[in-house]
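So this block is coords03.cif, mmCIF, C-alpha atoms:
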data_model
loop_
_atom_site.label_atom_id
_atom_site.label_comp_id
_atom_site.auth_asym_id
_atom_site.auth_seq_id
_atom_site.Cartn_x
_atom_site.Cartn_y
_atom_site.Cartn_z
CA MET A 1 -40.34 279.32 164.21
CA PRO A 2 -43.35 277.91 162.29
CA VAL A 3 -42.76 277.11 158.62
CA ARG A 4 -45.22 279.75 157.39
CA LYS A 5 -43.45 282.42 159.43
CA VAL A 6 -40.05 281.42 158.08
CA GLU A 7 -41.45 281.50 154.55
CA ARG A 8 -42.94 284.97 155.11
CA GLU A 9 -39.66 286.27 156.48
CA LEU A 10 -37.71 284.83 153.52
CA LEU A 11 -40.15 286.32 151.04
CA ARG A 12 -40.05 289.69 152.78
CA LYS A 13 -36.28 289.64 152.33
CA CYS A 14 -36.69 288.63 148.67
CA ARG A 15 -38.95 291.61 148.07
CA ALA A 16 -36.26 293.80 149.58
CA GLY A 17 -33.85 292.37 146.99
CA ASP A 18 -32.00 289.92 149.24
CA TRP A 19 -30.21 287.59 146.85
CA GLU A 20 -29.39 284.89 149.42
CA ALA A 21 -33.00 284.73 150.57
CA TYR A 22 -34.14 284.20 146.99
CA GLU A 23 -31.59 281.43 146.51
CA ALA A 24 -33.08 279.66 149.56
CA VAL A 25 -36.59 280.09 148.12
CA VAL A 26 -35.54 278.75 144.70
CA ARG A 27 -33.83 275.72 146.20
CA ALA A 28 -36.79 274.99 148.48
CA TYR A 29 -39.49 275.21 145.83
CA GLU A 30 -37.75 274.01 142.66
CA PRO A 31 -38.61 270.30 143.10
CA ARG A 32 -42.34 271.16 143.24
CA VAL A 33 -42.15 273.60 140.35
CA TYR A 34 -40.13 271.14 138.28
CA SER A 35 -42.60 268.36 139.03
CA LEU A 36 -45.51 270.50 137.83
CA ALA A 37 -43.63 271.56 134.70
CA LEU A 38 -42.67 267.96 133.95
CA GLY A 39 -46.28 266.83 134.37
CA LEU A 40 -47.43 269.48 131.91
CA VAL A 41 -44.69 269.64 129.26
CA ARG A 42 -43.56 266.00 129.72
CA ASP A 43 -39.95 266.53 128.69
CA PRO A 44 -37.26 266.81 131.41
CA ASP A 45 -35.15 269.39 129.53
CA ASP A 46 -38.15 271.57 128.71
CA ALA A 47 -39.40 271.18 132.28
CA ARG A 48 -36.04 272.43 133.55
CA ASP A 49 -36.28 275.48 131.27
CA MET A 50 -39.82 276.14 132.49
CA THR A 51 -38.64 275.90 136.11
CA GLN A 52 -35.85 278.37 135.45
CA GLU A 53 -38.15 280.85 133.70
CA THR A 54 -40.74 280.52 136.46
CA PHE A 55 -38.27 281.66 139.11
CA ILE A 56 -37.01 284.51 136.93
CA ARG A 57 -40.58 285.73 136.40
CA ALA A 58 -41.48 285.20 140.04
CA PHE A 59 -38.59 287.41 141.15
CA GLN A 60 -39.51 290.10 138.64
CA ALA A 61 -43.15 289.99 139.78
CA MET A 62 -42.42 289.71 143.50
CA ASP A 63 -44.15 293.03 144.19
CA LEU A 64 -47.41 291.51 142.96
CA TYR A 65 -47.22 288.59 145.39
CA ASP A 66 -49.84 288.70 148.14
CA PRO A 67 -48.11 287.56 151.36
CA ASP A 68 -51.45 286.22 152.71
CA ARG A 69 -51.50 283.65 149.95
CA PRO A 70 -49.28 280.53 150.02
CA PHE A 71 -46.18 281.18 147.93
CA LEU A 72 -46.30 277.67 146.48
CA GLY A 73 -49.71 278.22 144.87
CA TRP A 74 -48.57 281.56 143.46
CA VAL A 75 -45.34 280.25 141.97
CA LEU A 76 -47.09 277.15 140.58
CA GLY A 77 -49.61 279.46 138.92
CA ILE A 78 -46.75 281.27 137.18
CA CYS A 79 -45.26 277.94 136.14
CA ARG A 80 -48.58 276.62 134.84
CA ASN A 81 -49.13 279.76 132.70
CA ARG A 82 -45.60 279.56 131.31
CA CYS A 83 -46.08 275.87 130.44
CA ILE A 84 -49.40 276.60 128.71
CA ASP A 85 -47.71 279.32 126.61
CA PHE A 86 -44.88 276.93 125.81
CA LEU A 87 -47.28 274.16 124.77
CA ARG A 88 -49.14 276.60 122.51
CA GLN A 89 -45.87 277.49 120.80
CA VAL A 90 -45.04 273.83 120.36
CA ARG A 91 -48.47 273.09 118.95
CA HIS A 92 -48.02 275.77 116.25
CA PRO A 93 -44.38 275.09 115.64
CA VAL A 94 -42.09 277.24 113.64
CA ARG A 95 -39.45 275.24 115.45
CA LEU A 96 -37.86 272.14 114.01
CA ASP A 97 -39.47 268.97 115.26
CA ARG A 98 -37.03 267.16 117.48
CA GLU A 99 -38.20 263.82 116.13
CA ARG A 100 -36.94 264.88 112.73
CA ASP A 101 -33.43 264.77 114.13
CA GLY A 102 -34.09 261.25 115.32
CA ARG A 103 -34.35 262.51 118.88
CA LYS A 104 -37.69 261.49 120.36
CA PRO A 105 -39.11 263.34 123.33
CA GLN A 106 -37.62 261.68 126.34
CA LEU A 107 -39.91 260.21 128.95
CA PRO A 108 -38.51 260.12 132.44
CA ASP A 109 -38.47 256.79 134.16
CA PRO A 110 -40.82 257.52 137.04
CA GLY A 111 -39.82 254.38 138.83
CA SER A 112 -36.09 254.82 138.56
CA ARG A 113 -35.69 256.81 141.78
CA SER A 114 -38.28 254.88 143.71
CA ASP A 115 -37.38 252.41 146.38
CA GLY A 116 -40.30 250.23 145.36
CA GLU A 117 -40.15 246.99 143.41
CA ALA A 118 -39.68 246.83 139.66
CA SER A 119 -43.39 246.24 139.10
CA ASP A 120 -44.14 249.57 140.78
CA GLY A 121 -41.78 251.25 138.37
CA GLU A 122 -43.42 249.55 135.40
CA LEU A 123 -46.86 250.55 136.58
CA ARG A 124 -45.75 254.14 137.03
CA THR A 125 -44.25 254.17 133.55
CA LEU A 126 -47.63 253.03 132.21
CA ILE A 127 -49.45 255.65 134.27
CA TRP A 128 -47.02 258.28 132.98
CA GLU A 129 -47.78 257.25 129.42
CA ALA A 130 -51.52 257.21 130.13
CA LEU A 131 -51.23 260.72 131.56
CA GLY A 132 -49.83 261.84 128.23
CA ARG A 133 -52.82 260.40 126.40
CA ILE A 134 -55.60 262.03 128.40
CA GLY A 135 -56.78 265.57 127.56
CA GLU A 136 -54.67 268.52 128.63
CA GLU A 137 -57.43 269.89 130.88
CA HIS A 138 -57.63 266.57 132.70
CA ARG A 139 -53.87 266.16 132.96
CA GLU A 140 -53.55 269.65 134.37
CA VAL A 141 -55.95 269.06 137.28
CA LEU A 142 -54.39 265.68 138.07
CA VAL A 143 -50.94 267.20 138.17
CA LEU A 144 -52.11 270.03 140.41
CA LYS A 145 -54.28 267.92 142.68
CA ASP A 146 -52.65 264.50 142.92
CA MET A 147 -49.03 265.23 142.08
CA GLN A 148 -48.76 268.64 143.73
CA GLY A 149 -51.28 267.99 146.49
CA LEU A 150 -52.82 271.46 146.25
CA GLU A 151 -56.19 272.18 147.84
CA TYR A 152 -59.21 272.70 145.62
CA ALA A 153 -59.45 276.38 146.55
CA GLU A 154 -55.85 276.98 145.42
CA ILE A 155 -56.35 275.08 142.15
CA ALA A 156 -59.53 277.08 141.51
CA ARG A 157 -57.51 280.26 141.98
CA ILE A 158 -54.73 279.11 139.66
CA LEU A 159 -57.09 277.97 136.91
CA ASN A 160 -59.53 280.80 137.53
CA ILE A 161 -62.55 278.49 137.62
CA PRO A 162 -65.06 277.67 140.40
CA GLN A 163 -64.06 275.10 143.01
CA GLY A 164 -66.97 272.85 142.00
CA THR A 165 -65.67 272.77 138.43
CA VAL A 166 -62.24 271.72 139.70
CA ALA A 167 -63.80 268.85 141.68
CA SER A 168 -65.81 267.76 138.67
CA ARG A 169 -62.71 267.89 136.44
CA VAL A 170 -60.72 265.85 138.93
CA TYR A 171 -63.46 263.22 139.01
CA TYR A 172 -63.57 262.88 135.22
CA ALA A 173 -59.81 263.15 134.89
CA ARG A 174 -59.25 260.17 137.19
CA ARG A 175 -61.91 258.20 135.32
CA SER A 176 -60.31 259.13 132.03
CA LEU A 177 -56.92 258.01 133.34
CA LYS A 178 -58.37 254.71 134.46
CA GLU A 179 -60.08 254.12 131.09
CA THR A 180 -56.86 254.99 129.26
CA LEU A 181 -54.95 252.51 131.42
CA GLU A 182 -57.55 249.86 130.63
CA SER A 183 -57.21 250.59 126.91
CA MET A 184 -53.46 250.00 127.35
CA GLY A 185 -54.21 246.60 128.78
CA VAL A 186 -53.79 247.56 132.42
CA SER A 187 -56.51 246.47 134.75
CA TYR A 188 -56.27 249.08 137.44
CA PRO A 189 -56.44 248.93 140.40
CA MET B 190 -82.94 258.24 142.67
CA THR B 191 -83.11 254.66 143.73
CA ALA B 192 -81.14 254.62 146.93
CA THR B 193 -83.35 252.51 149.05
CA GLY B 194 -82.90 250.40 152.13
CA GLU B 195 -80.01 248.17 153.11
CA GLY B 196 -79.06 245.45 150.67
CA THR B 197 -80.53 246.98 147.53
CA GLY B 198 -78.49 250.25 147.44
CA PRO B 199 -78.15 252.70 144.52
CA ARG B 200 -77.23 251.19 141.17
CA PRO B 201 -74.44 252.50 138.88
CA GLY B 202 -75.47 255.68 137.09
CA ASP B 203 -78.18 256.44 139.61
CA GLU B 204 -79.18 260.06 140.05
CA GLU B 205 -78.00 260.02 143.67
CA CYS B 206 -74.54 258.77 142.69
CA ARG B 207 -74.32 261.32 139.91
CA SER B 208 -75.26 264.17 142.23
CA LEU B 209 -72.57 263.10 144.68
CA ARG B 210 -69.66 262.96 142.23
CA GLU B 211 -68.11 266.19 143.44
CA ASP B 212 -68.53 265.05 147.04
CA LEU B 213 -66.88 261.76 146.12
CA VAL B 214 -63.65 263.41 144.95
CA LEU B 215 -63.67 265.82 147.88
CA TYR B 216 -64.06 262.78 150.17
CA VAL B 217 -61.17 260.97 148.50
CA ASP B 218 -59.04 264.10 148.85
CA GLY B 219 -60.03 264.67 152.48
CA GLU B 220 -61.73 267.99 151.79
CA LEU B 221 -65.34 267.03 152.49
CA GLU B 222 -66.63 268.33 155.81
CA GLY B 223 -69.69 268.66 158.05
CA GLU B 224 -73.12 267.72 156.84
CA ALA B 225 -71.92 266.90 153.33
CA LEU B 226 -69.43 264.42 154.79
CA GLU B 227 -72.14 262.72 156.87
CA ARG B 228 -74.47 262.58 153.88
CA PHE B 229 -71.78 261.07 151.69
CA ARG B 230 -70.79 258.50 154.33
CA ASP B 231 -74.43 257.41 154.59
CA HIS B 232 -74.56 256.99 150.84
CA LEU B 233 -71.22 255.18 150.72
CA ALA B 234 -72.33 252.66 153.31
CA ARG B 235 -75.19 251.63 151.00
CA CYS B 236 -73.59 252.01 147.55
CA THR B 237 -71.13 249.38 146.34
CA GLU B 238 -70.56 251.26 143.09
CA CYS B 239 -69.36 254.40 144.91
CA GLN B 240 -67.25 252.24 147.27
CA ARG B 241 -65.54 250.85 144.18
CA GLU B 242 -65.15 254.32 142.68
CA VAL B 243 -63.60 255.62 145.91
CA ALA B 244 -61.14 252.71 145.90
CA ILE B 245 -60.16 253.36 142.28
CA GLN B 246 -59.74 257.10 142.77
CA ARG B 247 -57.70 256.58 145.94
CA ALA B 248 -55.42 254.09 144.22
CA LEU B 249 -54.82 256.38 141.23
CA LYS B 250 -54.21 259.35 143.52
CA GLY B 251 -51.69 257.30 145.50
CA GLU B 252 -49.80 256.29 142.36
CA LEU B 253 -49.68 259.86 141.07
CA GLN B 254 -48.43 261.08 144.44
CA ALA B 255 -45.71 258.44 144.50
CA MET B 256 -44.74 259.33 140.94
CA SER B 257 -44.44 263.00 141.84
CA GLU B 258 -42.13 262.17 144.75
CA ALA B 259 -40.03 259.98 142.46
CA HIS B 260 -39.47 262.87 140.02
CA GLY B 261 -37.22 264.69 142.48
CA GLY B 262 -35.61 267.92 141.30
CA PRO B 263 -34.57 269.16 137.87
CA PRO B 264 -32.02 267.05 135.97
CA GLY B 265 -28.52 268.45 136.25
CA GLY B 266 -29.10 269.98 139.68
CA SER B 267 -30.52 273.25 140.88
CA VAL B 268 -31.60 275.95 138.43
CA TRP B 269 -30.32 278.65 140.81
CA ASP B 270 -27.13 279.41 138.83
CA GLU B 271 -29.10 280.09 135.64
CA VAL B 272 -31.71 282.12 137.51
CA ASN B 273 -28.99 284.13 139.23
CA ARG B 274 -27.20 284.81 135.93
CA SER B 275 -30.40 285.85 134.16
CA LEU B 276 -31.43 288.21 136.93
CA ALA B 277 -27.96 289.70 137.38
CA ARG B 278 -27.29 290.31 133.67
CA PRO B 279 -29.64 293.33 133.22
CA THR B 280 -27.98 295.03 136.21
CA GLY B 281 -24.61 294.50 134.50
CA TRP B 282 -25.92 296.07 131.30
CA VAL B 283 -27.25 299.11 133.18
CA PHE B 284 -23.84 299.74 134.79
CA PHE B 285 -22.06 299.17 131.46
CA ILE B 286 -24.31 301.60 129.56
CA ILE B 287 -24.11 304.31 132.23
CA GLY B 288 -20.31 303.92 132.32
CA ALA B 289 -20.09 304.09 128.51
CA ILE B 290 -22.22 307.25 128.36
CA LEU B 291 -20.16 308.96 131.07
CA TYR B 292 -16.91 308.02 129.36
CA ALA B 293 -18.17 309.24 125.96
CA ALA B 294 -19.28 312.56 127.51
CA TYR B 295 -15.87 312.95 129.13
CA ALA B 296 -14.13 312.13 125.83
CA VAL B 297 -16.17 314.78 123.98
CA TYR B 298 -15.40 317.35 126.69
CA THR B 299 -11.66 316.56 126.56
CA PHE B 300 -11.72 316.72 122.76
CA ILE B 301 -13.34 320.14 122.80
CA GLN B 302 -10.96 321.47 125.43
CA SER B 303 -7.77 320.04 123.83
CA PRO B 304 -5.31 322.46 122.16
CA MET B 305 -5.49 320.84 118.67
CA ASP B 306 -5.49 322.75 115.43
CA LEU B 307 -8.62 322.87 113.29
CA VAL B 308 -7.52 320.24 110.71
CA GLU B 309 -6.64 317.67 113.36
CA ARG B 310 -9.90 318.39 115.19
CA LEU B 311 -11.87 318.01 111.93
CA ALA B 312 -10.13 314.72 111.03
CA ILE B 313 -10.82 313.12 114.40
CA GLY B 314 -14.41 314.45 114.41
CA LEU B 315 -15.07 312.94 110.95
CA LEU B 316 -13.54 309.63 111.99
CA VAL B 317 -15.74 309.39 115.06
CA ILE B 318 -18.91 310.50 113.22
CA GLY B 319 -18.21 308.06 110.36
CA PHE B 320 -17.69 305.23 112.83
CA LEU B 321 -20.93 306.05 114.64
CA ILE B 322 -22.90 306.20 111.34
CA LEU B 323 -21.52 302.79 110.28
CA LEU B 324 -22.23 301.27 113.68
CA THR B 325 -25.80 302.60 113.74
CA SER B 326 -26.58 301.42 110.22
CA VAL B 327 -25.28 297.89 110.91
CA GLY B 328 -27.21 297.76 114.18
CA TRP B 329 -30.37 299.04 112.52
CA GLU B 330 -30.07 296.46 109.73
CA ARG B 331 -29.67 293.67 112.30
CA ILE B 332 -32.77 294.78 114.19
CA LYS B 333 -34.79 295.03 110.96
CA ASP B 334 -33.65 291.53 109.89
CA TYR B 335 -34.56 290.10 113.27
CA LYS B 336 -38.04 291.65 113.21
CA THR B 337 -38.87 290.28 109.76
CA ASP B 338 -37.09 286.92 110.12
CA PRO B 339 -39.75 284.19 109.69
CA TYR B 340 -37.41 281.63 111.26
CA LYS B 341 -36.55 283.55 114.42
CA GLY B 342 -38.69 281.16 116.50
CA VAL B 343 -36.97 278.11 115.07
CA GLU B 344 -35.21 276.05 117.68
CA ARG B 345 -32.08 274.59 116.16
#

Can the structure in the file be given as structure tokens, please?
Amino acid sequence: MPVRKVERELLRKCRAGDWEAYEAVVRAYEPRVYSLALGLVRDPDDARDMTQETFIRAFQAMDLYDPDRPFLGWVLGICRNRCIDFLRQVRHPVRLDRERDGRKPQLPDPGSRSDGEASDGELRTLIWEALGRIGEEHREVLVLKDMQGLEYAEIARILNIPQGTVASRVYYARRSLKETLESMGVSYP
Amino acid sequence: MTATGEGTGPRPGDEECRSLREDLVLYVDGELEGEALERFRDHLARCTECQREVAIQRALKGELQAMSEAHGGPPGGSVWDEVNRSLARPTGWVFFIIGAILYAAYAVYTFIQSPMDLVERLAIGLLVIGFLILLTSVGWERIKDYKTDPYKGVER
């Protein structure tokens, strides 16, 4: 059976309240959702929370899901909105700053699970840091386009902006990333 | 626009290059098609600056893709258990509340039907009413405190 058909069948079962079908959906999509959340909130623990909340909300809103649309784009849209809300809360914190407890936000080691050489890992760590320094709007499109591999039409739908604007943002976001890397002393590529 | 013949080519910042920026990213991402693709390829063959830009954007895209693959799944394994718990809990509460209401209704019915004398009936009635008043007032106070608590959003 083609993948899209299997996905449709699973989602149809989810809408009918099939718990096992939803478990399969969660396990299939959680790496992608987590990766988006991590790219946006940049803390592995927070990204895990965002992933969890995304799937809770997705299940609760399953009736609103349009089966003609790819599920991935829909669920990533939910995740992106949740992360934006979370970042807004963090930016106007009533919460205690974690750094005050001596616990700095933890950066994942992007190269640690790679099979590549150490230099690849180092470069990815630098790119990860550079991603944190570019504007949120730029980081968002890079995460959706380059890390998630979504098509422009899907990103435009998630961000609710024209496709041309997405393309323009991606262009400037990559330039901004390159300039940031250069300012960090990395001549890239 | 200064895209001229072979050898000279557009210079960085040229109007032609600027107007093709969106096409450039679509080309890098494999989403440029038809006439626009042909037009961009023509330009690319003549423009060293855009060739360089394409190379840079492709390299960055490749690194970001590789980084995404390296992230893997959430730390500590799947989030399914937490999701399952969170979604199942409200159902549990619904059953609990319905059960509690049915049991309370049955208790009131039994109390009314029981062959107790008036004093005993009054004593038990006052005990139950007093308990309910105390419970409600404590609950109400808690809700009021929570609503006005300026530190409720504080993550400890």

Once you count all atoms listed in the file, which residues of chain B turn out to be within 9 Å of chain A? Could you give them as a PyMOL selection string? chain B and resi 210-215+218+220+242+244-246+248-265+267-269+271-273+275-276+339-345

I need the output of the PyMOL selection byres ((chain A and resi 65) around 12) for this file as a PyMOL selection string; which residues are they? chain A and resi 8+11-12+14-15+57-64+66-75+77-78

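The interatomic distance for the pair CA of Ala225 in chain B and CA of Glu140 in chain A works out to 26.5 Å.
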
I'd like the contact shell of Met50 in chain A - 7 Å cut-off, only C-alpha atoms, skipping same-chain residues fewer than 6 positions apart - returned as a PyMOL selection string. chain A and resi 37+79+82-83

Please provide as an MDAnalysis selection string all residues within 8 Å of Leu226 in chain B, with the sequence filter that same-chain residues fewer than 4 positions apart are discarded (counting all atoms listed in the file). chainID B and resid 212 216 221:222 230

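In terms of minimum interatomic distance to Gly135 in chain A, A:Ser176 ranks closest within A:Asn81, A:Asn160, A:Ser187, A:Ser176, counting all atoms listed in the file.
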
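Atom to atom, CA of Leu291 in chain B and CA of Arg278 in chain B stand 20.1 Å apart.
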
Using the atoms already present, construct N, CA and C atoms for range 214-236 of chain B and hand them back as an mmCIF file, keeping the file's coordinate frame.
data_model
loop_
_atom_site.group_PDB
_atom_site.id
_atom_site.type_symbol
_atom_site.label_atom_id
_atom_site.label_comp_id
_atom_site.auth_asym_id
_atom_site.auth_seq_id
_atom_site.Cartn_x
_atom_site.Cartn_y
_atom_site.Cartn_z
ATOM 1 N N VAL B 214 -65.076 263.040 145.071
ATOM 2 C CA VAL B 214 -63.650 263.410 144.950
ATOM 3 C C VAL B 214 -63.177 264.203 146.163
ATOM 4 N N LEU B 215 -64.065 265.048 146.689
ATOM 5 C CA LEU B 215 -63.670 265.820 147.880
ATOM 6 C C LEU B 215 -63.429 264.861 149.056
ATOM 7 N N TYR B 216 -64.224 263.792 149.124
ATOM 8 C CA TYR B 216 -64.060 262.780 150.170
ATOM 9 C C TYR B 216 -62.714 262.057 150.001
ATOM 10 N N VAL B 217 -62.441 261.651 148.780
ATOM 11 C CA VAL B 217 -61.170 260.970 148.500
ATOM 12 C C VAL B 217 -59.983 261.871 148.875
ATOM 13 N N ASP B 218 -60.146 263.166 148.604
ATOM 14 C CA ASP B 218 -59.040 264.100 148.850
ATOM 15 C C ASP B 218 -59.066 264.697 150.257
ATOM 16 N N GLY B 219 -59.987 264.214 151.091
ATOM 17 C CA GLY B 219 -60.030 264.670 152.480
ATOM 18 C C GLY B 219 -60.483 266.100 152.651
ATOM 19 N N GLU B 220 -61.278 266.594 151.696
ATOM 20 C CA GLU B 220 -61.730 267.990 151.790
ATOM 21 C C GLU B 220 -63.237 268.105 151.980
ATOM 22 N N LEU B 221 -63.886 266.990 152.270
ATOM 23 C CA LEU B 221 -65.340 267.030 152.490
ATOM 24 C C LEU B 221 -65.574 267.151 154.000
ATOM 25 N N GLU B 222 -66.439 268.083 154.370
ATOM 26 C CA GLU B 222 -66.630 268.330 155.810
ATOM 27 C C GLU B 222 -68.103 268.423 156.183
ATOM 28 N N GLY B 223 -68.367 268.381 157.482
ATOM 29 C CA GLY B 223 -69.690 268.660 158.050
ATOM 30 C C GLY B 223 -70.797 267.771 157.551
ATOM 31 N N GLU B 224 -71.912 268.429 157.249
ATOM 32 C CA GLU B 224 -73.120 267.720 156.840
ATOM 33 C C GLU B 224 -72.904 266.941 155.541
ATOM 34 N N ALA B 225 -72.175 267.558 154.614
ATOM 35 C CA ALA B 225 -71.920 266.900 153.330
ATOM 36 C C ALA B 225 -71.147 265.595 153.539
ATOM 37 N N LEU B 226 -70.219 265.617 154.491
ATOM 38 C CA LEU B 226 -69.430 264.420 154.790
ATOM 39 C C LEU B 226 -70.331 263.317 155.345
ATOM 40 N N GLU B 227 -71.211 263.699 156.276
ATOM 41 C CA GLU B 227 -72.140 262.720 156.870
ATOM 42 C C GLU B 227 -73.048 262.134 155.790
ATOM 43 N N ARG B 228 -73.559 263.024 154.937
ATOM 44 C CA ARG B 228 -74.470 262.580 153.880
ATOM 45 C C ARG B 228 -73.753 261.611 152.950
ATOM 46 N N PHE B 229 -72.509 261.946 152.609
ATOM 47 C CA PHE B 229 -71.780 261.070 151.690
ATOM 48 C C PHE B 229 -71.446 259.726 152.343
ATOM 49 N N ARG B 230 -71.085 259.760 153.616
ATOM 50 C CA ARG B 230 -70.790 258.500 154.330
ATOM 51 C C ARG B 230 -72.009 257.592 154.362
ATOM 52 N N ASP B 231 -73.175 258.191 154.588
ATOM 53 C CA ASP B 231 -74.430 257.410 154.590
ATOM 54 C C ASP B 231 -74.618 256.726 153.236
ATOM 55 N N HIS B 232 -74.387 257.518 152.188
ATOM 56 C CA HIS B 232 -74.560 256.990 150.840
ATOM 57 C C HIS B 232 -73.546 255.868 150.569
ATOM 58 N N LEU B 233 -72.306 256.138 150.977
ATOM 59 C CA LEU B 233 -71.220 255.180 150.720
ATOM 60 C C LEU B 233 -71.479 253.833 151.401
ATOM 61 N N ALA B 234 -72.061 253.903 152.572
ATOM 62 C CA ALA B 234 -72.330 252.660 153.310
ATOM 63 C C ALA B 234 -73.326 251.784 152.551
ATOM 64 N N ARG B 235 -74.146 252.390 151.705
ATOM 65 C CA ARG B 235 -75.190 251.630 151.000
ATOM 66 C C ARG B 235 -74.835 251.356 149.537
ATOM 67 N N CYS B 236 -73.816 252.072 148.999
ATOM 68 C CA CYS B 236 -73.590 252.010 147.550
ATOM 69 C C CYS B 236 -72.255 251.325 147.196
#
